[in-house]
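Asks: Enclosed is the structure file run.pdb (PDB, C-alpha atoms).
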ATOM      1  CA  MET U   1      -3.743 -18.380  19.650
ATOM      2  CA  SER U   2      -4.283 -15.957  16.757
ATOM      3  CA  VAL U   3      -5.820 -12.613  15.859
ATOM      4  CA  LEU U   4      -8.006 -11.759  12.874
ATOM      5  CA  ALA U   5      -8.000  -8.522  10.865
ATOM      6  CA  LEU U   6     -10.023  -7.126   7.961
ATOM      7  CA  ASP U   7      -9.087  -4.465   5.411
ATOM      8  CA  THR U   8     -11.571  -3.141   2.850
ATOM      9  CA  SER U   9      -9.738  -0.597   0.719
ATOM     10  CA  ASN U  10     -10.866   1.015  -2.515
ATOM     11  CA  TYR U  11      -9.187  -1.776  -4.511
ATOM     12  CA  THR U  12      -9.129  -5.002  -2.475
ATOM     13  CA  THR U  13     -11.114  -6.960   0.099
ATOM     14  CA  SER U  14      -8.745  -8.799   2.440
ATOM     15  CA  ALA U  15      -8.683 -10.769   5.671
ATOM     16  CA  ALA U  16      -5.660 -12.029   7.596
ATOM     17  CA  VAL U  17      -4.796 -14.140  10.608
ATOM     18  CA  PHE U  18      -1.550 -13.730  12.580
ATOM     19  CA  ASP U  19      -0.188 -15.778  15.513
ATOM     20  CA  GLY U  20       2.754 -13.638  16.556
ATOM     21  CA  ARG U  21       5.218 -15.199  14.123
ATOM     22  CA  GLU U  22       3.393 -16.350  11.008
ATOM     23  CA  GLY U  23       0.209 -15.431   9.242
ATOM     24  CA  GLU U  24      -2.042 -15.933   6.261
ATOM     25  CA  ASN U  25      -3.667 -13.246   4.126
ATOM     26  CA  VAL U  26      -6.459 -13.877   1.636
ATOM     27  CA  GLY U  27      -7.721 -11.172  -0.686
ATOM     28  CA  GLN U  28      -9.914 -10.423  -3.660
ATOM     29  CA  LEU U  29      -9.581  -7.485  -6.045
ATOM     30  CA  LEU U  30     -12.679  -5.385  -6.602
ATOM     31  CA  GLN U  31     -14.065  -5.570 -10.126
ATOM     32  CA  VAL U  32     -13.779  -2.449 -12.289
ATOM     33  CA  ARG U  33     -15.588  -2.199 -15.614
ATOM     34  CA  PRO U  34     -13.278  -2.260 -18.675
ATOM     35  CA  GLY U  35     -12.048   1.213 -19.628
ATOM     36  CA  GLU U  36     -12.973   2.796 -16.287
ATOM     37  CA  LEU U  37     -10.430   4.284 -13.870
ATOM     38  CA  GLY U  38     -11.863   3.233 -10.536
ATOM     39  CA  LEU U  39     -14.977   2.584  -8.505
ATOM     40  CA  ARG U  40     -17.570   4.727  -6.817
ATOM     41  CA  GLN U  41     -17.498   4.259  -3.062
ATOM     42  CA  SER U  42     -20.994   2.775  -3.084
ATOM     43  CA  ASP U  43     -19.873   0.121  -5.599
ATOM     44  CA  ALA U  44     -16.740  -0.651  -3.585
ATOM     45  CA  LEU U  45     -18.740  -0.993  -0.381
ATOM     46  CA  PHE U  46     -21.232  -3.332  -2.077
ATOM     47  CA  GLN U  47     -18.461  -5.592  -3.409
ATOM     48  CA  HIS U  48     -16.733  -5.749  -0.023
ATOM     49  CA  VAL U  49     -19.937  -6.863   1.682
ATOM     50  CA  LYS U  50     -20.307  -9.647  -0.908
ATOM     51  CA  GLN U  51     -16.675 -10.775  -0.808
ATOM     52  CA  LEU U  52     -15.908 -10.808   2.923
ATOM     53  CA  PRO U  53     -17.897 -14.016   3.640
ATOM     54  CA  GLN U  54     -15.994 -15.806   0.859
ATOM     55  CA  LEU U  55     -12.646 -14.805   2.376
ATOM     56  CA  MET U  56     -13.727 -15.896   5.835
ATOM     57  CA  GLU U  57     -14.765 -19.232   4.352
ATOM     58  CA  GLN U  58     -11.256 -19.640   2.891
ATOM     59  CA  LEU U  59      -9.625 -18.983   6.261
ATOM     60  CA  ALA U  60     -12.042 -21.331   8.000
ATOM     61  CA  ALA U  61     -11.290 -24.096   5.487
ATOM     62  CA  GLN U  62      -7.594 -23.724   6.373
ATOM     63  CA  GLY U  63      -8.383 -24.040  10.070
ATOM     64  CA  ARG U  64      -7.223 -20.470  10.658
ATOM     65  CA  LEU U  65     -10.246 -19.181  12.572
ATOM     66  CA  GLU U  66      -9.809 -21.252  15.710
ATOM     67  CA  HIS U  67      -8.825 -19.634  19.022
ATOM     68  CA  ILE U  68      -9.137 -16.023  17.789
ATOM     69  CA  GLN U  69      -8.173 -13.750  20.679
ATOM     70  CA  ALA U  70      -8.714 -10.321  19.119
ATOM     71  CA  VAL U  71     -10.121  -8.739  15.966
ATOM     72  CA  GLY U  72      -8.805  -5.658  14.180
ATOM     73  CA  ALA U  73      -9.714  -3.579  11.150
ATOM     74  CA  SER U  74      -8.459  -0.763   8.977
ATOM     75  CA  THR U  75     -11.022   1.921   9.735
ATOM     76  CA  ARG U  76      -9.714   4.862   7.686
ATOM     77  CA  PRO U  77      -7.016   5.732   5.129
ATOM     78  CA  ARG U  78      -4.608   7.576   7.478
ATOM     79  CA  ALA U  79      -4.303   8.024  11.223
ATOM     80  CA  VAL U  80      -5.131  11.740  11.142
ATOM     81  CA  GLU U  81      -8.217  13.729  11.977
ATOM     82  CA  GLY U  82     -10.735  13.883   9.124
ATOM     83  CA  SER U  83      -9.353  10.885   7.244
ATOM     84  CA  TYR U  84     -12.376   8.972   5.996
ATOM     85  CA  MET U  85     -13.461   6.709   3.168
ATOM     86  CA  PRO U  86     -16.812   4.837   3.208
ATOM     87  CA  CYS U  87     -15.380   1.569   1.839
ATOM     88  CA  PHE U  88     -13.632   0.931   5.180
ATOM     89  CA  LEU U  89     -17.024   0.706   6.882
ATOM     90  CA  ALA U  90     -17.515  -2.792   5.459
ATOM     91  CA  GLY U  91     -14.519  -4.279   7.223
ATOM     92  CA  THR U  92     -14.933  -2.169  10.356
ATOM     93  CA  SER U  93     -18.555  -3.143  10.979
ATOM     94  CA  GLN U  94     -17.984  -6.849  10.376
ATOM     95  CA  ALA U  95     -14.840  -6.881  12.527
ATOM     96  CA  GLN U  96     -16.687  -5.189  15.390
ATOM     97  CA  CYS U  97     -19.545  -7.698  15.119
ATOM     98  CA  LEU U  98     -17.093 -10.610  15.178
ATOM     99  CA  ALA U  99     -15.301  -9.183  18.223
ATOM    100  CA  HIS U 100     -18.590  -8.841  20.118
ATOM    101  CA  MET U 101     -19.680 -12.347  19.124
ATOM    102  CA  LEU U 102     -16.372 -13.882  20.213
ATOM    103  CA  GLY U 103     -16.092 -11.762  23.342
ATOM    104  CA  VAL U 104     -12.634 -10.495  22.407
ATOM    105  CA  PRO U 105     -11.139  -6.989  22.032
ATOM    106  CA  PHE U 106     -11.479  -4.944  18.847
ATOM    107  CA  TYR U 107      -8.603  -2.737  17.682
ATOM    108  CA  ALA U 108      -8.727  -0.019  15.015
ATOM    109  CA  PHE U 109      -5.832   1.074  12.827
ATOM    110  CA  SER U 110      -5.424   3.026   9.603
ATOM    111  CA  HIS U 111      -4.900   1.465   6.187
ATOM    112  CA  GLN U 112      -1.557   3.259   5.950
ATOM    113  CA  GLN U 113      -0.352   1.934   9.308
ATOM    114  CA  GLY U 114      -1.237  -1.542   8.091
ATOM    115  CA  HIS U 115       0.810  -1.063   4.933
ATOM    116  CA  LEU U 116       3.886  -0.050   6.924
ATOM    117  CA  ALA U 117       3.574  -2.967   9.353
ATOM    118  CA  ALA U 118       3.047  -5.509   6.560
ATOM    119  CA  ALA U 119       6.043  -4.153   4.639
ATOM    120  CA  ALA U 120       8.339  -4.277   7.669
ATOM    121  CA  TRP U 121       7.223  -7.784   8.684
ATOM    122  CA  SER U 122       7.432  -9.307   5.204
ATOM    123  CA  ALA U 123      10.917  -7.819   4.751
ATOM    124  CA  GLY U 124      12.013  -9.455   8.001
ATOM    125  CA  ARG U 125      12.437  -6.016   9.601
ATOM    126  CA  LEU U 126       9.657  -5.733  12.154
ATOM    127  CA  ASP U 127      12.283  -4.019  14.321
ATOM    128  CA  LEU U 128      11.793  -0.902  12.178
ATOM    129  CA  LEU U 129       8.562  -0.233  14.060
ATOM    130  CA  GLU U 130      10.577   0.391  17.222
ATOM    131  CA  GLY U 131      12.242   3.586  15.969
ATOM    132  CA  PRO U 132      12.045   6.369  13.362
ATOM    133  CA  PHE U 133      12.357   5.577   9.667
ATOM    134  CA  TRP U 134      11.544   6.998   6.269
ATOM    135  CA  ALA U 135       8.602   5.350   4.544
ATOM    136  CA  TRP U 136       7.173   5.616   1.070
ATOM    137  CA  HIS U 137       3.472   4.839   0.755
ATOM    138  CA  LEU U 138       3.123   4.300  -2.983
ATOM    139  CA  SER U 139      -0.336   3.226  -4.077
ATOM    140  CA  GLY U 140      -3.153   3.882  -6.508
ATOM    141  CA  GLY U 141      -4.260   6.934  -4.556
ATOM    142  CA  THR U 142      -1.197   7.888  -2.519
ATOM    143  CA  THR U 143       2.405   8.854  -3.172
ATOM    144  CA  GLU U 144       3.617  10.099   0.180
ATOM    145  CA  LEU U 145       7.070  10.249   1.722
ATOM    146  CA  LEU U 146       6.567   9.827   5.453
ATOM    147  CA  ARG U 147       8.737  10.240   8.501
ATOM    148  CA  ALA U 148       7.390   7.450  10.671
ATOM    149  CA  GLN U 149       7.995   6.875  14.344
ATOM    150  CA  PRO U 150       6.378   4.788  17.094
ATOM    151  CA  GLU U 151       3.234   6.078  18.785
ATOM    152  CA  PRO U 152       3.516   6.606  22.563
ATOM    153  CA  ASP U 153       1.972   3.181  23.278
ATOM    154  CA  GLY U 154       4.551   1.476  21.029
ATOM    155  CA  VAL U 155       1.965  -0.420  18.964
ATOM    156  CA  ALA U 156       1.583   1.445  15.668
ATOM    157  CA  MET U 157       3.321   4.413  14.041
ATOM    158  CA  THR U 158       2.633   8.068  13.484
ATOM    159  CA  ALA U 159       3.458   9.201   9.976
ATOM    160  CA  GLU U 160       4.234  12.808   9.098
ATOM    161  CA  ILE U 161       4.072  13.653   5.390
ATOM    162  CA  LEU U 162       7.300  15.367   4.370
ATOM    163  CA  GLY U 163       7.199  14.798   0.616
ATOM    164  CA  GLY U 164       5.654  12.999  -2.299
ATOM    165  CA  THR U 165       3.497  14.199  -5.159
ATOM    166  CA  SER U 166       1.701  17.526  -5.262
ATOM    167  CA  ASP U 167      -0.995  16.260  -7.652
ATOM    168  CA  ILE U 168      -1.685  12.816  -9.107
ATOM    169  CA  SER U 169      -0.107   9.795  -7.458
ATOM    170  CA  ALA U 170       2.410   7.451  -9.027
ATOM    171  CA  GLY U 171      -0.261   4.760  -9.037
ATOM    172  CA  GLN U 172      -2.700   7.015 -10.889
ATOM    173  CA  LEU U 173      -0.097   7.795 -13.556
ATOM    174  CA  ILE U 174       0.703   4.103 -13.993
ATOM    175  CA  ASP U 175      -2.947   3.035 -14.055
ATOM    176  CA  ARG U 176      -3.895   5.773 -16.543
ATOM    177  CA  THR U 177      -0.936   4.806 -18.704
ATOM    178  CA  GLY U 178      -2.148   1.222 -18.661
ATOM    179  CA  VAL U 179      -5.700   2.148 -19.609
ATOM    180  CA  LEU U 180      -4.379   4.306 -22.480
ATOM    181  CA  LEU U 181      -2.529   1.202 -23.669
ATOM    182  CA  GLY U 182      -5.690  -0.891 -23.493
ATOM    183  CA  LEU U 183      -4.873  -2.689 -20.244
ATOM    184  CA  GLN U 184      -7.365  -3.535 -17.517
ATOM    185  CA  PHE U 185      -7.605  -1.262 -14.457
ATOM    186  CA  PRO U 186      -5.818  -1.438 -12.049
ATOM    187  CA  ALA U 187      -2.937  -1.806 -14.455
ATOM    188  CA  GLY U 188       0.203  -1.751 -12.307
ATOM    189  CA  LYS U 189       1.186  -5.392 -12.709
ATOM    190  CA  ALA U 190       0.478  -5.415 -16.457
ATOM    191  CA  VAL U 191       2.430  -2.176 -17.036
ATOM    192  CA  ASP U 192       5.354  -3.653 -15.090
ATOM    193  CA  GLN U 193       5.368  -6.787 -17.244
ATOM    194  CA  LEU U 194       5.007  -4.766 -20.457
ATOM    195  CA  SER U 195       7.870  -2.425 -19.573
ATOM    196  CA  ALA U 196      10.229  -5.370 -19.110
ATOM    197  CA  GLN U 197       9.989  -6.010 -22.860
ATOM    198  CA  ALA U 198      11.410  -2.565 -23.737
ATOM    199  CA  GLU U 199      14.941  -1.306 -23.951
ATOM    200  CA  LYS U 200      15.962   1.178 -21.271
ATOM    201  CA  VAL U 201      14.596   4.628 -22.081
ATOM    202  CA  LYS U 202      15.542   8.083 -20.862
ATOM    203  CA  PRO U 203      13.072   9.223 -18.198
ATOM    204  CA  PHE U 204      11.494  12.662 -18.117
ATOM    205  CA  PRO U 205      13.509  14.915 -15.750
ATOM    206  CA  VAL U 206      10.853  15.583 -13.112
ATOM    207  CA  LYS U 207      11.712  18.561 -10.908
ATOM    208  CA  VAL U 208      11.950  17.657  -7.215
ATOM    209  CA  GLU U 209      12.004  20.347  -4.516
ATOM    210  CA  ASN U 210      11.803  19.691  -0.769
ATOM    211  CA  CYS U 211      11.127  16.017  -1.486
ATOM    212  CA  THR U 212       8.018  16.970  -3.513
ATOM    213  CA  PHE U 213       7.274  16.593  -7.221
ATOM    214  CA  SER U 214       4.457  16.803  -9.750
ATOM    215  CA  LEU U 215       3.393  14.021 -12.125
ATOM    216  CA  SER U 216       0.442  15.665 -13.885
ATOM    217  CA  GLY U 217       2.653  16.846 -16.737
ATOM    218  CA  MET U 218       3.850  13.281 -17.159
ATOM    219  CA  GLU U 219       0.326  12.155 -17.931
ATOM    220  CA  ASN U 220       0.288  14.590 -20.861
ATOM    221  CA  LYS U 221       3.673  13.290 -22.048
ATOM    222  CA  VAL U 222       2.396   9.715 -21.993
ATOM    223  CA  GLN U 223      -0.711  10.702 -23.963
ATOM    224  CA  GLN U 224       1.480  12.395 -26.568
ATOM    225  CA  MET U 225       3.660   9.290 -26.891
ATOM    226  CA  VAL U 226       0.606   7.101 -27.463
ATOM    227  CA  GLN U 227      -0.768   9.531 -30.072
ATOM    228  CA  LYS U 228       2.589   9.514 -31.892
ATOM    229  CA  GLY U 229       2.484   5.740 -32.145
ATOM    230  CA  GLU U 230       5.257   4.829 -29.709
ATOM    231  CA  SER U 231       5.218   1.124 -28.860
ATOM    232  CA  PRO U 232       3.256   0.145 -25.727
ATOM    233  CA  GLU U 233       6.436  -1.353 -24.250
ATOM    234  CA  THR U 234       8.329   1.925 -24.648
ATOM    235  CA  VAL U 235       5.476   3.993 -23.194
ATOM    236  CA  ALA U 236       5.193   1.695 -20.179
ATOM    237  CA  ARG U 237       8.953   1.771 -19.573
ATOM    238  CA  PHE U 238       9.045   5.569 -19.921
ATOM    239  CA  ALA U 239       6.325   6.020 -17.297
ATOM    240  CA  LEU U 240       7.949   3.651 -14.808
ATOM    241  CA  GLU U 241      11.480   4.993 -15.331
ATOM    242  CA  THR U 242      10.203   8.529 -14.713
ATOM    243  CA  VAL U 243       8.388   7.555 -11.521
ATOM    244  CA  ALA U 244      11.431   5.664 -10.250
ATOM    245  CA  ARG U 245      13.828   8.564 -10.855
ATOM    246  CA  ALA U 246      11.502  11.058  -9.133
ATOM    247  CA  VAL U 247      11.153   8.803  -6.098
ATOM    248  CA  VAL U 248      14.932   8.342  -5.913
ATOM    249  CA  LYS U 249      15.549  12.113  -6.073
ATOM    250  CA  ALA U 250      13.016  12.778  -3.313
ATOM    251  CA  THR U 251      14.510  10.015  -1.162
ATOM    252  CA  ARG U 252      18.008  11.430  -1.500
ATOM    253  CA  GLN U 253      16.762  14.850  -0.425
ATOM    254  CA  ALA U 254      15.068  13.245   2.594
ATOM    255  CA  LEU U 255      18.245  11.429   3.582
ATOM    256  CA  GLU U 256      20.117  14.721   3.476
ATOM    257  CA  GLN U 257      17.684  16.062   6.104
ATOM    258  CA  TYR U 258      17.735  12.974   8.326
ATOM    259  CA  PRO U 259      20.778  10.908   7.364
ATOM    260  CA  GLY U 260      21.072   7.340   8.517
ATOM    261  CA  LEU U 261      17.367   6.551   8.774
ATOM    262  CA  PRO U 262      16.271   3.351   6.982
ATOM    263  CA  VAL U 263      13.887   3.696   4.034
ATOM    264  CA  LEU U 264      10.868   1.369   3.848
ATOM    265  CA  CYS U 265       8.701   1.127   0.723
ATOM    266  CA  SER U 266       5.081  -0.046   0.908
ATOM    267  CA  GLY U 267       1.881   0.115  -1.149
ATOM    268  CA  GLY U 268       0.892  -1.475  -4.428
ATOM    269  CA  VAL U 269       3.278   0.579  -6.575
ATOM    270  CA  ALA U 270       6.134  -0.666  -4.360
ATOM    271  CA  SER U 271       5.654  -4.115  -5.912
ATOM    272  CA  ASN U 272       6.935  -2.719  -9.220
ATOM    273  CA  SER U 273      10.141  -4.544 -10.132
ATOM    274  CA  LEU U 274      11.877  -1.608 -11.854
ATOM    275  CA  LEU U 275      11.234   0.767  -8.945
ATOM    276  CA  ARG U 276      12.497  -1.837  -6.516
ATOM    277  CA  GLN U 277      15.729  -2.383  -8.426
ATOM    278  CA  VAL U 278      16.508   1.324  -8.628
ATOM    279  CA  MET U 279      15.620   2.138  -5.007
ATOM    280  CA  GLU U 280      17.505  -0.823  -3.555
ATOM    281  CA  ARG U 281      20.591  -0.024  -5.607
ATOM    282  CA  GLU U 282      20.695   3.741  -5.108
ATOM    283  CA  CYS U 283      19.048   4.299  -1.717
ATOM    284  CA  GLY U 284      19.400   0.985   0.098
ATOM    285  CA  ALA U 285      15.614   0.862   0.415
ATOM    286  CA  ILE U 286      13.809  -1.989   2.145
ATOM    287  CA  PHE U 287      10.832  -3.462   0.290
ATOM    288  CA  ALA U 288       7.925  -5.641   1.296
ATOM    289  CA  GLN U 289       7.509  -8.959  -0.434
ATOM    290  CA  PRO U 290       5.388  -8.197  -3.549
ATOM    291  CA  ARG U 291       2.265  -9.936  -2.188
ATOM    292  CA  PHE U 292       2.429  -7.737   0.923
ATOM    293  CA  SER U 293       3.087  -4.535  -1.009
ATOM    294  CA  THR U 294      -0.400  -4.488  -2.474
ATOM    295  CA  ASP U 295      -3.445  -3.872  -0.270
ATOM    296  CA  ASN U 296      -3.710  -6.558   2.400
ATOM    297  CA  ALA U 297      -4.945  -7.124   5.951
ATOM    298  CA  MET U 298      -1.720  -8.676   7.243
ATOM    299  CA  GLY U 299      -0.292  -5.424   8.583
ATOM    300  CA  THR U 300      -3.490  -4.711  10.488
ATOM    301  CA  ALA U 301      -3.358  -8.251  11.924
ATOM    302  CA  ILE U 302       0.242  -7.673  13.052
ATOM    303  CA  LEU U 303      -0.720  -4.404  14.752
ATOM    304  CA  THR U 304      -3.740  -6.099  16.351
ATOM    305  CA  TRP U 305      -1.391  -8.730  17.809
ATOM    306  CA  ARG U 306       0.947  -6.037  19.133
ATOM    307  CA  ALA U 307      -1.972  -4.197  20.750
ATOM    308  CA  LEU U 308      -3.236  -7.400  22.378
ATOM    309  CA  GLU U 309       0.219  -8.252  23.720
ATOM    310  CA  ARG U 310       0.654  -4.759  25.156
ATOM    311  CA  GLU U 311      -2.758  -4.901  26.851
ATOM    312  CA  ARG U 312      -1.977  -8.267  28.420
ATOM    313  CA  ALA U 313       1.395  -7.053  29.641
ATOM    314  CA  GLN U 314      -0.154  -4.172  31.571
TER
END
So, in terms of structure tokens, how does the structure I just supplied come out?
Replies:
Amino acid sequence: MSVLALDTSNYTTSAAVFDGREGENVGQLLQVRPGELGLRQSDALFQHVKQLPQLMEQLAAQGRLEHIQAVGASTRPRAVEGSYMPCFLAGTSQAQCLAHMLGVPFYAFSHQQGHLAAAAWSAGRLDLLEGPFWAWHLSGGTTELLRAQPEPDGVAMTAEILGGTSDISAGQLIDRTGVLLGLQFPAGKAVDQLSAQAEKVKPFPVKVENCTFSLSGMENKVQQMVQKGESPETVARFALETVARAVVKATRQALEQYPGLPVLCSGGVASNSLLRQVMERECGAIFAQPRFSTDNAMGTAILTWRALERERAQ
């Protein structure tokens, strides 16, 4: 017995199957033209519609689509009123059609809730979903420090934003740095690999107040470094070191407010090796496995399973 879930974010098409203990996620990055910094929603939606059948074929070839008991989808970015992004319509509509065809329940969750569930599960800490915890959602479009706690039904989590960036996200800074250095968008993985070739550099002292900081000035600093002819390795390391130090400062401020709460890091930027090293060492942070840090449907599948189990227990 398994459940199926779909996630169609602004960067990745993904589908996952989960049986209560183990699961399989398959995904495909959306294609961005060289030199561009993202996709229009209409282009993202079009690519999702094309790619979803291919992912379902992969799962079917693995024998993963037998005995599906429920279908879930990420239907919006965050679980708050007014949160909306057209690209999620691709996964939502197909998941609802599949649920009707199979005669099984359909469950809706947010992309962010899926990230938190996937991070906790892949870190071997699914127990985190049973109580309050600090959570970083670090992605191409989001750098939010959340105070997460279980929803009343005990399935997913509410997430109150208590910090993060006040302007561009960490992922945007990293991606824009990569594009300035001639790397393909999204550039997180390539910037990470490039930075590993540089000596340790002194980060820019980003000001952090009430767990909140700004990175827009950092984009200007990176542009200046490129114009002055600094090596790509040094520029990449500078950007990542600066992001890591800002995140650490904000986390420490959060732990002063609510000491003792665990800290979970999710989202594509959380797969960055330098950030992981610093946060684990200085804040005891818990990280998803790298493949479950980036956009994926596994967290939504896990939440779909939890919702199905709760419904059957009633």
Asks: Using the chain letters and numbers from this file, what does the PyMOL selection byres ((chain U and resi 308) around 10) select? Give the answer as a ChimeraX atom specification.
Replies: /U:3,69-71,104-107,155,302-307,309-313
Asks: Between U:Ala5, U:Asp175, U:Ala190, U:Pro34, which residue has the minimum interatomic distance to U:Ala99, considering all atoms listed in the file?
Replies: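 Distance minimum relative to U:Ala99 lands on U:Ala5.
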Asks: Measure the distance from atom CA of U:Ala254 to atom CA of U:Cys211 in Å and round it to one decimal.
Replies: 6.3 Å
Asks: So, with all atoms listed in the file as the atoms that count, which of U:Ala196, U:His100, U:Gln94, U:Ala239 lies closest to U:Gln51?
Replies: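 Checking each of U:Ala196, U:His100, U:Gln94, U:Ala239 against U:Gln51, counting all atoms listed in the file, the winner is U:Gln94.
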Asks: List the residues selected by the PyMOL selection byres ((chain U and resi 35) around 10) in the file shown, writing them as a PDB file with C-alpha atoms, keeping the file's coordinate frame.
Replies:
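New file result_25.pdb:
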ATOM      1  CA  VAL U  32     -13.779  -2.449 -12.289  1.00  0.00           C
ATOM      2  CA  ARG U  33     -15.588  -2.199 -15.614  1.00  0.00           C
ATOM      3  CA  PRO U  34     -13.278  -2.260 -18.675  1.00  0.00           C
ATOM      4  CA  GLU U  36     -12.973   2.796 -16.287  1.00  0.00           C
ATOM      5  CA  LEU U  37     -10.430   4.284 -13.870  1.00  0.00           C
ATOM      6  CA  GLY U  38     -11.863   3.233 -10.536  1.00  0.00           C
ATOM      7  CA  ARG U 176      -3.895   5.773 -16.543  1.00  0.00           C
ATOM      8  CA  GLY U 178      -2.148   1.222 -18.661  1.00  0.00           C
ATOM      9  CA  VAL U 179      -5.700   2.148 -19.609  1.00  0.00           C
ATOM     10  CA  LEU U 180      -4.379   4.306 -22.480  1.00  0.00           C
ATOM     11  CA  GLY U 182      -5.690  -0.891 -23.493  1.00  0.00           C
ATOM     12  CA  LEU U 183      -4.873  -2.689 -20.244  1.00  0.00           C
ATOM     13  CA  GLN U 184      -7.365  -3.535 -17.517  1.00  0.00           C
ATOM     14  CA  PHE U 185      -7.605  -1.262 -14.457  1.00  0.00           C
TER      15      PHE U 185
END
Asks: Which distance in Å separates atom CA of U:Leu162 and atom CA of U:Arg147, to one decimal?
Replies: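 We find that atom CA of U:Leu162 and atom CA of U:Arg147 lie 6.7 Å from each other.
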Asks: Can you list, as a list in words, every protein, DNA or RNA residue that comes within 6 Å of U:Ile161 when you count only C-alpha atoms, leaving out same-chain residues fewer than 2 positions away?
Replies: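 Answer for this query is Leu145, Leu146 and Gly163 of chain U.
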Asks: Just C-alpha atoms for this one: save the residues we selected as a PDB file, in the frame of the given file.
Replies:
ATOM      1  CA  LEU U 145       7.070  10.249   1.722  1.00  0.00           C
ATOM      2  CA  LEU U 146       6.567   9.827   5.453  1.00  0.00           C
ATOM      3  CA  GLY U 163       7.199  14.798   0.616  1.00  0.00           C
TER       4      GLY U 163
END
Asks: Quick one: distance from atom CA of U:Asp153 to atom CA of U:Leu126 in Å, one decimal?
Replies: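 Rounded to one decimal, the two atoms are 16.2 Å apart.
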Asks: Counting all atoms listed in the file, what is within 12 Å of U:Ala135, bar same-chain residues fewer than 6 positions away, as an MDAnalysis selection string?
Replies: chainID U and resid 112:113 115:117 119:120 128:129 143:149 157:164 247 250:251 254:255 261:267 270 285:288
Asks: List the residues sitting within 10 Å of (-6.5, -18.5, 10.2) in the file's frame, using only C-alpha atoms, as a list in words.
Replies: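 Checked against the point, the hits come out as Met1, Ser2, Val3, Leu4, Ala15, Ala16, Val17, Phe18, Asp19, Gly23, Glu24, Asn25, Val26, Met56, Gln58, Leu59, Ala60, Ala61, Gln62, Gly63, Arg64, Leu65, Glu66, His67 and Ile68 of chain U.
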Asks: Just checking: using all atoms listed in the file, which residue out of U:Glu241, U:Pro150, U:Leu6, U:Gln31 ends up closest to U:Cys97?
Replies: U:Leu6
Asks: Give the answer as one residue: which of U:Ala170, U:Ala246, U:Leu215, U:Ala297 has the shortest atom-to-atom distance to U:Ala187, using only C-alpha atoms?
Replies: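 Nearest to U:Ala187: U:Ala170.
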Asks: Name every residue that the PyMOL selection byres ((chain U and resi 198) around 7) selects in this structure, writing the answer as a list in words with chains first and numbers rising.
Replies: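 With the PyMOL selection byres ((chain U and resi 198) around 7) on this model, the match is Ser195, Ala196, Gln197, Glu199, Lys200, Glu233, Thr234 and Arg237 of chain U.
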Asks: Using only C-alpha atoms, please write the residues we just selected to a file, as a PDB file, in the frame of the given file.
Replies:
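As a result, out.pdb now contains:
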ATOM      1  CA  SER U 195       7.870  -2.425 -19.573  1.00  0.00           C
ATOM      2  CA  ALA U 196      10.229  -5.370 -19.110  1.00  0.00           C
ATOM      3  CA  GLN U 197       9.989  -6.010 -22.860  1.00  0.00           C
ATOM      4  CA  GLU U 199      14.941  -1.306 -23.951  1.00  0.00           C
ATOM      5  CA  LYS U 200      15.962   1.178 -21.271  1.00  0.00           C
ATOM      6  CA  GLU U 233       6.436  -1.353 -24.250  1.00  0.00           C
ATOM      7  CA  THR U 234       8.329   1.925 -24.648  1.00  0.00           C
ATOM      8  CA  ARG U 237       8.953   1.771 -19.573  1.00  0.00           C
TER       9      ARG U 237
END
Asks: Report as JSON the centre and the edge lengths, in Å to one decimal, of the axis-aligned box holding every listed atom of stretch 279-286 of chain U, padded by 3 Å on each side.
Replies:
{"center_x": 17.3, "center_y": 1.2, "center_z": -1.7, "size_x": 12.9, "size_y": 12.3, "size_z": 13.8}
Asks: I need the residue nearest U:Gln28 from this list: U:Asn296, U:Ser166, U:Ser74, U:Gln223. Use all atoms listed in the file for the distance.
Replies: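 Looking only at the distances to U:Gln28, the closest residue turns out to be U:Asn296.
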Asks: Using all atoms listed in the file, which of U:Pro290, U:Phe133, U:Thr300, U:Asn272 sits nearest U:Pro259?
Replies: U:Phe133
Asks: What's the 12 Å shell around U:Asp43, counting all atoms listed in the file, without same-chain residues fewer than 5 positions away, as a VMD selection string?
Replies: chain U and resid 9 to 11 30 to 33 38 48 to 50 86 to 87 90
Asks: Tell me, as a count of residues only, which residues lie within 9 Å of U:Gln253, counting all atoms listed in the file; anything in the same chain fewer than 6 positions away does not count.
Replies: 4
Asks: Which neighbours of U:Gly217 fall inside 12 Å, counting all atoms listed in the file, when residues of the same chain fewer than 2 positions from it are skipped, and could you give them as a PyMOL selection string?
Replies: chain U and resi 165-169+173+204-207+213-215+219-224+239+242
